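The file protein.cif contains mmCIF, C-alpha atoms:
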data_target
#
loop_
_atom_site.label_atom_id
_atom_site.label_comp_id
_atom_site.auth_asym_id
_atom_site.auth_seq_id
_atom_site.Cartn_x
_atom_site.Cartn_y
_atom_site.Cartn_z
CA MET A 23 24.63 25.39 -13.18
CA ASN A 24 26.77 28.52 -13.11
CA PHE A 25 29.14 27.88 -10.21
CA SER A 26 30.33 31.48 -10.27
CA ILE A 27 27.38 32.12 -7.95
CA LEU A 28 29.82 30.98 -5.25
CA ASP A 29 31.69 34.26 -5.74
CA THR A 30 32.34 35.73 -2.27
CA GLU A 31 30.59 39.02 -3.02
CA ILE A 32 27.48 37.28 -4.34
CA GLN A 33 27.38 34.91 -1.37
CA CYS A 34 27.66 37.83 1.07
CA PHE A 35 24.80 39.57 -0.75
CA ILE A 36 22.67 36.42 -0.56
CA ASP A 37 23.32 36.02 3.18
CA SER A 38 22.60 39.67 3.93
CA ASN A 39 19.22 39.44 2.20
CA ILE A 40 17.86 36.29 3.86
CA GLY A 41 14.36 37.24 4.98
CA THR A 42 14.06 40.16 2.56
CA ASP A 43 10.83 40.42 0.57
CA ILE A 44 11.82 38.82 -2.75
CA SER A 45 9.11 40.62 -4.74
CA LYS A 46 10.50 43.99 -3.61
CA LEU A 47 14.10 42.90 -4.10
CA ALA A 48 13.28 41.82 -7.66
CA LEU A 49 12.43 45.43 -8.54
CA GLN A 50 15.91 46.62 -7.58
CA LYS A 51 18.81 46.89 -9.98
CA ASN A 52 21.02 43.82 -10.19
CA PRO A 53 24.27 44.73 -8.37
CA PHE A 54 26.03 41.90 -10.27
CA PRO A 55 25.36 42.57 -13.97
CA HIS A 56 27.68 39.71 -14.96
CA PHE A 57 25.29 37.26 -13.28
CA THR A 58 21.60 36.46 -13.81
CA TRP A 59 19.46 38.35 -11.28
CA THR A 60 16.75 35.65 -11.16
CA GLU A 61 19.33 33.02 -10.14
CA ILE A 62 20.55 35.19 -7.27
CA LEU A 63 16.98 35.82 -6.15
CA ASN A 64 16.29 32.08 -6.26
CA GLN A 65 19.31 31.39 -4.05
CA ILE A 66 18.04 33.92 -1.51
CA SER A 67 14.53 32.49 -1.54
CA ALA A 68 15.63 28.84 -1.39
CA LYS A 69 18.23 29.45 1.33
CA ALA A 70 15.64 31.29 3.44
CA LYS A 71 13.39 28.24 3.11
CA ALA A 72 16.28 26.01 4.24
CA LYS A 73 16.99 28.01 7.41
CA ASP A 74 14.65 26.00 9.64
CA LYS A 75 14.09 22.95 7.45
CA LEU A 76 17.74 22.26 6.56
CA PRO A 77 19.91 23.98 9.20
CA THR A 78 23.02 21.93 8.29
CA TRP A 79 22.85 23.11 4.68
CA PHE A 80 22.00 26.67 5.77
CA SER A 81 25.02 26.91 8.06
CA THR A 82 27.52 25.27 5.67
CA TYR A 83 29.61 27.59 3.49
CA GLY A 84 29.38 27.27 -0.30
CA ILE A 85 26.05 25.44 -0.58
CA ILE A 86 24.19 25.89 -3.87
CA TYR A 87 20.41 25.61 -3.86
CA PRO A 88 18.08 24.40 -6.59
CA SER A 89 14.65 26.03 -7.06
CA LYS A 90 12.66 26.99 -3.95
CA ILE A 91 10.09 24.35 -4.93
CA SER A 92 12.78 21.64 -4.80
CA VAL A 93 13.71 22.77 -1.29
CA GLU A 94 10.05 22.77 -0.28
CA GLN A 95 9.55 19.25 -1.61
CA THR A 96 12.65 17.69 -0.07
CA SER A 97 12.70 15.86 3.24
CA SER A 98 13.44 17.94 6.30
CA GLU A 99 16.50 17.07 8.35
CA LYS A 100 14.21 15.80 11.12
CA THR A 101 12.47 13.28 8.89
CA ALA A 102 15.71 12.33 7.11
CA LEU A 103 17.43 11.57 10.42
CA ASN A 104 14.46 9.48 11.50
CA LYS A 105 14.54 7.61 8.18
CA SER A 106 18.24 6.84 8.52
CA ASN A 107 17.56 5.04 11.80
CA LEU A 108 15.46 2.47 9.94
CA ILE A 109 18.32 1.13 7.83
CA SER A 110 21.76 -0.44 8.30
CA GLY A 111 24.34 -2.29 6.23
CA GLU A 112 27.11 -1.58 3.76
CA SER A 113 25.36 -0.15 0.70
CA LEU A 114 22.24 1.75 -0.38
CA ILE A 115 21.09 3.16 -3.70
CA ASP A 116 18.62 6.04 -3.83
CA LEU A 117 16.78 5.86 -7.15
CA THR A 118 15.16 9.29 -6.79
CA GLY A 119 17.90 11.32 -5.12
CA GLY A 120 16.57 14.87 -5.46
CA PHE A 121 18.37 17.42 -3.27
CA GLY A 122 20.08 14.59 -1.37
CA VAL A 123 18.96 15.30 2.19
CA ASP A 124 17.92 11.70 2.83
CA ASP A 125 21.18 10.39 1.34
CA TYR A 126 23.28 12.67 3.54
CA TYR A 127 21.73 11.05 6.60
CA PHE A 128 21.80 7.56 5.08
CA SER A 129 25.55 8.06 4.59
CA LYS A 130 25.98 8.33 8.35
CA GLN A 131 24.58 4.81 8.75
CA ILE A 132 25.66 3.17 5.48
CA ASN A 133 29.24 2.95 4.20
CA ASN A 134 28.46 3.35 0.49
CA VAL A 135 25.52 5.41 -0.82
CA VAL A 136 24.59 5.92 -4.48
CA HIS A 137 22.55 9.02 -5.38
CA CYS A 138 20.65 8.84 -8.69
CA GLU A 139 19.04 11.96 -10.16
CA ILE A 140 17.52 12.26 -13.62
CA ASN A 141 18.02 16.06 -13.69
CA GLU A 142 21.67 16.59 -14.65
CA GLU A 143 21.91 20.13 -13.24
CA LEU A 144 20.43 19.07 -9.89
CA SER A 145 22.82 16.10 -9.81
CA GLN A 146 25.79 18.49 -10.26
CA ILE A 147 24.50 20.77 -7.49
CA VAL A 148 24.06 17.84 -5.10
CA LYS A 149 27.51 16.43 -5.91
CA HIS A 150 29.05 19.84 -5.14
CA ASN A 151 27.06 20.17 -1.91
CA PHE A 152 28.11 16.73 -0.66
CA LYS A 153 31.74 17.86 -0.97
CA GLN A 154 30.96 20.96 1.08
CA LEU A 155 29.21 18.78 3.66
CA LYS A 156 32.18 16.36 3.68
CA ALA A 157 29.90 13.44 2.78
CA ASP A 158 32.63 11.57 0.96
CA ASN A 159 30.95 8.16 0.83
CA ILE A 160 28.18 9.18 -1.60
CA GLU A 161 28.49 8.60 -5.36
CA CYS A 162 26.34 10.75 -7.65
CA PHE A 163 25.02 9.57 -11.01
CA SER A 164 22.85 11.52 -13.42
CA GLY A 165 20.31 9.76 -15.62
CA ASP A 166 17.45 7.30 -15.47
CA SER A 167 17.79 5.27 -12.26
CA PHE A 168 16.70 2.06 -13.99
CA ASP A 169 19.57 2.41 -16.46
CA ILE A 170 22.00 3.25 -13.63
CA LEU A 171 20.96 0.12 -11.73
CA GLN A 172 21.65 -2.02 -14.79
CA LYS A 173 24.99 -0.34 -15.55
CA LEU A 174 26.25 -0.67 -11.98
CA ASN A 175 25.02 -4.28 -11.94
CA ARG A 176 25.66 -4.86 -8.26
CA ARG A 177 23.59 -5.76 -5.24
CA PHE A 178 22.74 -3.32 -2.46
CA ASP A 179 21.62 -3.82 1.12
CA TRP A 180 18.85 -1.28 0.53
CA ILE A 181 17.04 0.44 -2.32
CA TYR A 182 15.36 3.72 -1.42
CA ILE A 183 12.67 5.26 -3.63
CA ASP A 184 10.63 8.44 -3.32
CA PRO A 185 8.48 8.22 -6.47
CA SER A 186 7.54 11.47 -8.17
CA ARG A 187 3.90 12.30 -7.60
CA ARG A 188 3.82 14.33 -10.78
CA ASN A 189 2.62 12.51 -13.89
CA ASP A 190 2.81 14.25 -17.28
CA ALA A 191 -0.54 12.80 -18.32
CA LYS A 192 -2.46 12.90 -15.02
CA GLY A 193 -0.93 15.83 -13.13
CA LYS A 194 -0.59 15.33 -9.38
CA VAL A 195 -1.21 11.69 -8.44
CA PHE A 196 -1.17 9.58 -5.29
CA MET A 197 -1.56 5.92 -6.30
CA LEU A 198 1.86 4.28 -6.64
CA LYS A 199 1.09 2.86 -10.09
CA ASP A 200 0.63 6.44 -11.38
CA CYS A 201 3.89 7.75 -9.90
CA LEU A 202 7.31 7.75 -11.55
CA PRO A 203 8.93 5.30 -11.36
CA ASN A 204 6.05 2.80 -11.32
CA VAL A 205 7.21 0.90 -8.24
CA PRO A 206 4.58 -1.90 -8.21
CA GLU A 207 5.40 -2.75 -11.82
CA LEU A 208 9.18 -2.73 -11.22
CA MET A 209 9.23 -4.49 -7.84
CA ASP A 210 10.52 -7.84 -9.14
CA VAL A 211 13.33 -6.05 -10.99
CA TYR A 212 14.28 -4.16 -7.83
CA PHE A 213 14.39 -7.42 -5.87
CA SER A 214 17.08 -8.68 -8.25
CA TYR A 215 19.33 -5.89 -6.90
CA SER A 216 18.32 -5.84 -3.21
CA ASP A 217 16.31 -7.84 -0.67
CA LYS A 218 15.19 -4.71 1.18
CA ILE A 219 13.36 -1.69 -0.21
CA LEU A 220 12.23 1.50 1.55
CA ILE A 221 9.58 3.55 -0.24
CA LYS A 222 8.44 7.04 0.71
CA THR A 223 4.90 7.99 -0.30
CA ALA A 224 2.58 10.95 0.10
CA PRO A 225 0.90 11.28 3.52
CA ILE A 226 -2.47 11.30 1.76
CA LEU A 227 -2.02 7.75 0.40
CA ASP A 228 -4.56 5.42 2.00
CA ILE A 229 -2.83 2.56 3.83
CA SER A 230 -5.18 -0.10 2.48
CA ALA A 231 -4.67 1.26 -1.05
CA GLY A 232 -0.90 1.07 -0.63
CA LEU A 233 -1.13 -2.50 0.64
CA SER A 234 -3.24 -3.43 -2.37
CA GLU A 235 -0.41 -2.27 -4.65
CA LEU A 236 2.63 -3.50 -2.73
CA LYS A 237 3.68 -6.99 -1.70
CA ASN A 238 6.07 -8.21 1.00
CA VAL A 239 5.41 -5.20 3.27
CA LYS A 240 6.91 -5.75 6.73
CA ASN A 241 6.54 -2.34 8.38
CA ILE A 242 4.66 0.85 7.58
CA HIS A 243 6.13 3.92 9.28
CA ILE A 244 3.86 6.95 9.69
CA VAL A 245 5.98 10.03 10.38
CA ALA A 246 4.58 13.29 11.73
CA VAL A 247 6.45 16.48 12.63
CA GLU A 248 4.81 18.77 15.19
CA ASN A 249 1.58 16.77 14.79
CA GLU A 250 1.45 17.05 10.99
CA VAL A 251 1.88 13.81 9.02
CA LYS A 252 4.76 14.34 6.58
CA GLU A 253 5.43 10.93 5.07
CA LEU A 254 4.57 7.26 4.92
CA LEU A 255 7.50 4.84 4.69
CA TRP A 256 6.94 1.33 3.38
CA GLU A 257 9.58 -1.15 4.49
CA ILE A 258 9.56 -4.11 2.11
CA HIS A 259 11.55 -7.32 2.54
CA LYS A 260 11.84 -9.90 -0.22
CA SER A 261 9.78 -13.05 0.47
CA TYR A 262 8.23 -11.56 3.63
CA THR A 263 4.62 -12.76 3.96
CA GLU A 264 3.82 -12.40 7.67
CA THR A 265 1.89 -9.72 9.57
CA VAL A 266 2.35 -6.02 8.83
CA SER A 267 3.41 -3.75 11.69
CA ILE A 268 2.31 -0.12 11.85
CA LYS A 269 4.86 2.15 13.52
CA THR A 270 3.87 5.76 14.22
CA ILE A 271 6.10 8.58 15.39
CA ASN A 272 5.42 12.25 16.07
CA LEU A 273 8.67 14.23 16.09
CA SER A 274 8.05 17.05 18.53
CA LYS A 275 9.43 18.39 21.80
CA GLN A 276 8.52 15.03 23.28
CA THR A 277 8.82 12.33 20.62
CA GLU A 278 5.68 10.17 20.67
CA VAL A 279 5.62 6.60 19.35
CA PHE A 280 2.82 4.07 19.04
CA ASP A 281 3.13 0.69 17.30
CA PHE A 282 0.73 -2.13 16.63
CA VAL A 283 0.22 -5.12 14.36
CA LEU A 284 -2.23 -4.53 11.54
CA ASP A 285 -5.42 -6.61 11.77
CA GLU A 286 -4.59 -7.94 15.24
CA ASN A 287 -7.57 -8.69 17.45
CA ALA A 288 -7.77 -5.54 19.57
CA ASN A 289 -10.97 -5.29 21.58
CA PRO A 290 -11.74 -1.75 22.77
CA THR A 291 -13.73 -0.89 25.88
CA PHE A 292 -16.31 1.87 26.12
CA ASP A 293 -17.44 4.18 28.90
CA LEU A 294 -18.83 7.62 29.62
CA PRO A 295 -16.38 10.50 30.18
CA LYS A 296 -14.26 10.15 33.31
CA LYS A 297 -11.56 12.44 34.70
CA TYR A 298 -9.22 12.63 31.68
CA LEU A 299 -9.77 12.96 27.93
CA TYR A 300 -7.27 11.78 25.31
CA GLU A 301 -6.95 12.85 21.66
CA SER A 302 -4.46 10.88 19.52
CA ASN A 303 -1.80 12.69 17.52
CA SER A 304 -2.08 12.89 13.74
CA ALA A 305 0.23 9.93 13.07
CA VAL A 306 -1.90 7.64 15.23
CA MET A 307 -5.06 9.02 13.60
CA LYS A 308 -3.59 8.27 10.17
CA SER A 309 -2.83 4.69 11.24
CA GLY A 310 -6.48 3.89 11.88
CA GLY A 311 -5.49 1.91 14.99
CA PHE A 312 -8.29 3.36 17.10
CA ASN A 313 -9.22 0.08 18.80
CA ASN A 314 -5.53 -0.71 19.38
CA VAL A 315 -5.15 2.54 21.35
CA SER A 316 -7.93 1.52 23.74
CA HIS A 317 -6.55 -2.01 24.03
CA GLN A 318 -2.87 -1.12 24.58
CA PHE A 319 -3.38 1.77 27.01
CA ASN A 320 -6.33 0.18 28.77
CA ILE A 321 -8.45 3.29 28.33
CA ASP A 322 -12.08 3.57 27.24
CA LYS A 323 -13.44 4.92 23.99
CA LEU A 324 -16.33 7.36 24.25
CA HIS A 325 -17.95 5.90 21.12
CA GLN A 326 -16.96 3.53 18.33
CA HIS A 327 -16.64 6.43 15.87
CA SER A 328 -15.58 9.32 18.14
CA HIS A 329 -11.89 8.30 18.47
CA LEU A 330 -11.64 10.05 21.83
CA TYR A 331 -10.62 8.18 24.96
CA THR A 332 -11.11 8.57 28.70
CA SER A 333 -9.72 7.27 31.99
CA GLU A 334 -9.89 7.91 35.70
CA GLU A 335 -6.10 7.83 36.13
CA PHE A 336 -3.65 9.94 34.12
CA ILE A 337 -1.47 8.07 31.59
CA ASP A 338 1.37 9.08 29.28
CA PHE A 339 -0.24 9.24 25.85
CA PRO A 340 0.78 9.85 22.19
CA GLY A 341 -1.34 12.95 21.73
CA ARG A 342 -3.09 15.65 23.72
CA VAL A 343 -4.39 15.04 27.24
CA PHE A 344 -7.08 17.12 28.94
CA ALA A 345 -8.67 17.29 32.37
CA ILE A 346 -12.45 17.21 31.99
CA GLU A 347 -13.92 20.08 34.03
CA LYS A 348 -17.56 19.82 32.98
CA LYS A 349 -19.75 17.34 31.06
CA LEU A 350 -22.85 18.70 29.35
CA LEU A 351 -25.61 17.33 27.19
CA TYR A 352 -25.75 19.34 23.98
CA ASN A 353 -28.95 21.34 24.29
CA LYS A 354 -30.09 24.96 24.14
CA ASN A 355 -30.20 25.55 27.90
CA ASN A 356 -26.69 24.23 28.54
CA MET A 357 -25.23 26.12 25.61
CA LYS A 358 -26.76 29.40 26.71
CA GLU A 359 -25.67 28.97 30.32
CA PHE A 360 -22.13 27.71 29.84
CA LEU A 361 -20.84 28.56 26.35
CA GLU A 362 -22.77 31.31 24.60
CA ASN A 363 -20.81 34.56 24.10
CA LYS A 364 -17.67 33.06 25.69
CA LYS A 365 -14.21 32.13 24.43
CA PHE A 366 -13.18 28.50 23.84
CA ASN A 367 -10.99 26.36 21.60
CA ILE A 368 -13.40 24.00 19.84
CA THR A 369 -12.92 20.50 18.44
CA THR A 370 -15.60 18.25 16.96
CA ARG A 371 -15.38 14.46 16.79
CA ASN A 372 -18.30 12.38 15.47
CA PHE A 373 -20.63 15.36 15.75
CA PRO A 374 -23.26 16.57 13.23
CA GLU A 375 -22.25 20.26 13.27
CA THR A 376 -19.00 21.89 12.13
CA VAL A 377 -16.80 24.07 14.31
CA GLU A 378 -17.74 27.11 12.21
CA ALA A 379 -21.46 26.40 12.56
CA ILE A 380 -21.18 25.98 16.33
CA ARG A 381 -19.24 29.23 16.72
CA LYS A 382 -21.76 31.15 14.66
CA LYS A 383 -24.82 29.61 16.29
CA TRP A 384 -23.68 30.22 19.89
CA LYS A 385 -21.46 33.27 19.33
CA ILE A 386 -18.38 31.50 20.70
CA LYS A 387 -15.07 33.30 20.19
CA ASP A 388 -11.87 31.43 19.36
CA GLY A 389 -9.00 31.14 21.85
CA GLY A 390 -8.56 31.13 25.58
CA ASN A 391 -7.28 28.41 27.90
CA GLU A 392 -10.33 26.16 27.85
CA TYR A 393 -11.16 23.54 25.25
CA CYS A 394 -14.59 22.28 24.22
CA PHE A 395 -15.03 18.89 22.61
CA PHE A 396 -18.33 18.40 20.83
CA THR A 397 -18.80 14.66 20.37
CA THR A 398 -21.08 11.63 20.77
CA ASP A 399 -20.90 9.25 23.75
CA MET A 400 -21.47 5.50 23.99
CA ASN A 401 -25.21 6.09 24.50
CA ASN A 402 -25.34 8.08 21.23
CA ASP A 403 -26.01 11.29 23.17
CA LYS A 404 -24.56 14.49 21.76
CA ILE A 405 -22.35 15.93 24.49
CA VAL A 406 -19.96 18.81 25.19
CA LEU A 407 -16.84 18.34 27.31
CA ILE A 408 -15.26 21.48 28.73
CA CYS A 409 -11.60 20.75 29.42
CA THR A 410 -8.24 22.21 30.34
CA LYS A 411 -5.10 21.02 28.61
CA ILE A 412 -2.57 19.34 30.86
CA ASN A 413 0.22 18.49 28.36
CA GLN A 414 1.77 19.99 25.25
#

What does the file become when written as structure tokens?
Amino acid sequence: MNFSILDTEIQCFIDSNIGTDISKLALQKNPFPHFTWTEILNQISAKAKAKDKLPTWFSTYGIIYPSKISVEQTSSEKTALNKSNLISGESLIDLTGGFGVDDYYFSKQINNVVHCEINEELSQIVKHNFKQLKADNIECFSGDSFDILQKLNRRFDWIYIDPSRRNDAKGKVFMLKDCLPNVPELMDVYFSYSDKILIKTAPILDISAGLSELKNVKNIHIVAVENEVKELLWEIHKSYTETVSIKTINLSKQTEVFDFVLDENANPTFDLPKKYLYESNSAVMKSGGFNNVSHQFNIDKLHQHSHLYTSEEFIDFPGRVFAIEKKLLYNKNNMKEFLENKKFNITTRNFPETVEAIRKKWKIKDGGNEYCFFTTDMNNDKIVLICTKINQ
């Protein structure tokens, strides 16, 4: 890495062009002929990406950025802060350090953090940035993390791993055995260095598939930001063989949490639509704990496979809540009278037609303040619920 990019003039130029169209800027003459134009453009592009995702880095003087893709792939500060609240102790080693966002937040909870990064240039960038961020309790090592573990030859309170989902032979992968490092294969080795391991995996990984590959799982954390699932975190404790807890969180204006024990006997209740309709957030949907929602909140499911809930009394809920204004059987007469040629937000749950097909068939425009849920009730009738949203 050419650290002369920290030259005051270049840094001022970078800051003054945040938000500028990079493709247009690339056509201009390089005002710093002694420095590579593409590297300057990359700093502008990557720093612009960091503005909302990594505000601490964005606002700190003298930060160097890797490629824009590296910034896109790194944890956001929101998810990194949440992750840091899951761990405690004296020491942690991150075997897949990357841009170091997670380690920066781990260092606020853990006295000694080790950052491992196989890419030597990225390791140098991160080491420099930690100095700028005054994160003085993080050691940076470049090289294969397995070799680093063996050379350090000491125990840690935690091992953190975010396996690469890029495989040279298979391209983009999701099963843990296909990622690098191969965590399932190396688990016993890792346990010789720590009793507790935290693994970050792709949101798309199926929970049952992950459990089939991993042993000693104590907690699975499903993390969403603004109702979009960003990561699954597998908390593994050596020798743990009891029940697995699912812990969901949606980091939004109002943080929403919902926890349950996997495979517990949760008996849902069913009923026809009442006064309120509930739609779980994406983290809860990912968890698959549909019966647990009914059981814990004492609200009724509309149908075993609809994953919508209803109650007569309003409750605080991890998701969207609606007041049901009208309940209709899905038929031609009702559609023509109440929905055709009007404007609604449409959602389908356990319904044979897609949103696009419904809009086209009944000439329904998108938008407005009313919401239509096309679904199936406990009697297997196809119904439409016209609602107004009563929470954000």

Next item on the list: Would you translate the PyMOL selection byres ((chain A and resi 227) around 10) into the concrete set of residues it matches in this file, as an NGL selection string?
Entry: :A and (195-198 or 223-226 or 228-232 or 253-254 or 308)

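The neighbours of Thr270 (chain A) here are the residues that come within 7 Å of it, using all atoms listed in the file and leaving out any residue fewer than 2 positions away in the same chain; they are His243, Ile244, Val245, Ile268, Asn272, Val279, Phe280, Asp281, Ala305 and Val306 of chain A.
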
Would you put the residues from that selection into a file with C-alpha atoms, as a compact mmCIF listing (two decimals), in the coordinates of the input?
# COMPACT_ATOMS: atom_id res chain seq x y z
CA HIS A 243 6.13 3.92 9.28
CA ILE A 244 3.86 6.95 9.69
CA VAL A 245 5.98 10.03 10.38
CA ILE A 268 2.31 -0.12 11.85
CA ASN A 272 5.42 12.25 16.07
CA VAL A 279 5.62 6.60 19.35
CA PHE A 280 2.82 4.07 19.04
CA ASP A 281 3.13 0.69 17.30
CA ALA A 305 0.23 9.93 13.07
CA VAL A 306 -1.90 7.64 15.23

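Closest to Tyr352 (chain A) among A:Ser309, A:Thr96, A:Thr398, A:Ser214 is A:Thr398, based on all atoms listed in the file.
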
Please expand the PyMOL selection byres ((chain A and resi 137-148) around 8) into the concrete residues it hits in this file, giving the result as a PDB file with C-alpha atoms, keeping the file's coordinate frame.
ATOM      1  CA  MET A  23      24.630  25.390 -13.180  1.00  0.00           C
ATOM      2  CA  ILE A  86      24.190  25.890  -3.870  1.00  0.00           C
ATOM      3  CA  TYR A  87      20.410  25.610  -3.860  1.00  0.00           C
ATOM      4  CA  PRO A  88      18.080  24.400  -6.590  1.00  0.00           C
ATOM      5  CA  ILE A 115      21.090   3.160  -3.700  1.00  0.00           C
ATOM      6  CA  ASP A 116      18.620   6.040  -3.830  1.00  0.00           C
ATOM      7  CA  LEU A 117      16.780   5.860  -7.150  1.00  0.00           C
ATOM      8  CA  THR A 118      15.160   9.290  -6.790  1.00  0.00           C
ATOM      9  CA  GLY A 119      17.900  11.320  -5.120  1.00  0.00           C
ATOM     10  CA  GLY A 120      16.570  14.870  -5.460  1.00  0.00           C
ATOM     11  CA  PHE A 121      18.370  17.420  -3.270  1.00  0.00           C
ATOM     12  CA  GLY A 122      20.080  14.590  -1.370  1.00  0.00           C
ATOM     13  CA  ASP A 125      21.180  10.390   1.340  1.00  0.00           C
ATOM     14  CA  VAL A 135      25.520   5.410  -0.820  1.00  0.00           C
ATOM     15  CA  VAL A 136      24.590   5.920  -4.480  1.00  0.00           C
ATOM     16  CA  LYS A 149      27.510  16.430  -5.910  1.00  0.00           C
ATOM     17  CA  HIS A 150      29.050  19.840  -5.140  1.00  0.00           C
ATOM     18  CA  ASN A 151      27.060  20.170  -1.910  1.00  0.00           C
ATOM     19  CA  PHE A 152      28.110  16.730  -0.660  1.00  0.00           C
ATOM     20  CA  ILE A 160      28.180   9.180  -1.600  1.00  0.00           C
ATOM     21  CA  GLU A 161      28.490   8.600  -5.360  1.00  0.00           C
ATOM     22  CA  CYS A 162      26.340  10.750  -7.650  1.00  0.00           C
ATOM     23  CA  PHE A 163      25.020   9.570 -11.010  1.00  0.00           C
ATOM     24  CA  SER A 164      22.850  11.520 -13.420  1.00  0.00           C
ATOM     25  CA  GLY A 165      20.310   9.760 -15.620  1.00  0.00           C
ATOM     26  CA  ASP A 166      17.450   7.300 -15.470  1.00  0.00           C
ATOM     27  CA  SER A 167      17.790   5.270 -12.260  1.00  0.00           C
ATOM     28  CA  ILE A 170      22.000   3.250 -13.630  1.00  0.00           C
TER      29      ILE A 170
END

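Our summary of the geometry notes that CA of Glu235 (chain A) is positioned 11.1 Å from CA of Asp200 (chain A).
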
Evaluate the PyMOL selection byres ((chain A and resi 69-74) around 10) here and jot the selected residues down as a PDB file with C-alpha atoms, keeping the file's coordinate frame.
ATOM      1  CA  ILE A  36      22.670  36.420  -0.560  1.00  0.00           C
ATOM      2  CA  ASP A  37      23.320  36.020   3.180  1.00  0.00           C
ATOM      3  CA  ASN A  39      19.220  39.440   2.200  1.00  0.00           C
ATOM      4  CA  ILE A  40      17.860  36.290   3.860  1.00  0.00           C
ATOM      5  CA  GLY A  41      14.360  37.240   4.980  1.00  0.00           C
ATOM      6  CA  THR A  42      14.060  40.160   2.560  1.00  0.00           C
ATOM      7  CA  LEU A  63      16.980  35.820  -6.150  1.00  0.00           C
ATOM      8  CA  ASN A  64      16.290  32.080  -6.260  1.00  0.00           C
ATOM      9  CA  GLN A  65      19.310  31.390  -4.050  1.00  0.00           C
ATOM     10  CA  ILE A  66      18.040  33.920  -1.510  1.00  0.00           C
ATOM     11  CA  SER A  67      14.530  32.490  -1.540  1.00  0.00           C
ATOM     12  CA  ALA A  68      15.630  28.840  -1.390  1.00  0.00           C
ATOM     13  CA  LYS A  75      14.090  22.950   7.450  1.00  0.00           C
ATOM     14  CA  LEU A  76      17.740  22.260   6.560  1.00  0.00           C
ATOM     15  CA  PRO A  77      19.910  23.980   9.200  1.00  0.00           C
ATOM     16  CA  THR A  78      23.020  21.930   8.290  1.00  0.00           C
ATOM     17  CA  TRP A  79      22.850  23.110   4.680  1.00  0.00           C
ATOM     18  CA  PHE A  80      22.000  26.670   5.770  1.00  0.00           C
ATOM     19  CA  SER A  81      25.020  26.910   8.060  1.00  0.00           C
ATOM     20  CA  ILE A  85      26.050  25.440  -0.580  1.00  0.00           C
ATOM     21  CA  ILE A  86      24.190  25.890  -3.870  1.00  0.00           C
ATOM     22  CA  TYR A  87      20.410  25.610  -3.860  1.00  0.00           C
ATOM     23  CA  PRO A  88      18.080  24.400  -6.590  1.00  0.00           C
ATOM     24  CA  SER A  89      14.650  26.030  -7.060  1.00  0.00           C
ATOM     25  CA  LYS A  90      12.660  26.990  -3.950  1.00  0.00           C
ATOM     26  CA  ILE A  91      10.090  24.350  -4.930  1.00  0.00           C
ATOM     27  CA  VAL A  93      13.710  22.770  -1.290  1.00  0.00           C
ATOM     28  CA  GLU A  94      10.050  22.770  -0.280  1.00  0.00           C
ATOM     29  CA  SER A  98      13.440  17.940   6.300  1.00  0.00           C
ATOM     30  CA  GLU A  99      16.500  17.070   8.350  1.00  0.00           C
TER      31      GLU A  99
END

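When only C-alpha atoms are used to measure the gap to Lys153 (chain A), the shortest distance among A:Asn320, A:Thr82, A:Gly111, A:Met400 belongs to A:Thr82.
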
What would region 204-211 of chain A look like with N, CA, C and O atoms in place, written as a compact mmCIF listing (two decimals), in the frame of the given file?
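The resulting file, selection30.txt, is shown below:
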# COMPACT_ATOMS: atom_id res chain seq x y z
N ASN A 204 7.18 3.64 -11.68
CA ASN A 204 6.05 2.80 -11.32
C ASN A 204 6.57 1.65 -10.46
O ASN A 204 6.93 0.59 -10.96
N VAL A 205 6.59 1.85 -9.15
CA VAL A 205 7.21 0.90 -8.24
C VAL A 205 6.53 -0.48 -8.26
O VAL A 205 7.23 -1.50 -8.34
N PRO A 206 5.19 -0.56 -8.19
CA PRO A 206 4.58 -1.90 -8.21
C PRO A 206 4.97 -2.71 -9.44
O PRO A 206 5.22 -3.92 -9.34
N GLU A 207 5.07 -2.06 -10.58
CA GLU A 207 5.40 -2.75 -11.82
C GLU A 207 6.87 -3.21 -11.84
O GLU A 207 7.20 -4.26 -12.42
N LEU A 208 7.75 -2.45 -11.17
CA LEU A 208 9.18 -2.73 -11.22
C LEU A 208 9.69 -3.51 -10.00
O LEU A 208 10.90 -3.78 -9.89
N MET A 209 8.80 -3.89 -9.10
CA MET A 209 9.23 -4.49 -7.84
C MET A 209 10.11 -5.74 -8.03
O MET A 209 11.14 -5.90 -7.36
N ASP A 210 9.73 -6.62 -8.93
CA ASP A 210 10.52 -7.84 -9.14
C ASP A 210 11.92 -7.52 -9.66
O ASP A 210 12.90 -8.20 -9.31
N VAL A 211 12.02 -6.48 -10.49
CA VAL A 211 13.33 -6.05 -10.99
C VAL A 211 14.17 -5.52 -9.83
O VAL A 211 15.36 -5.86 -9.69
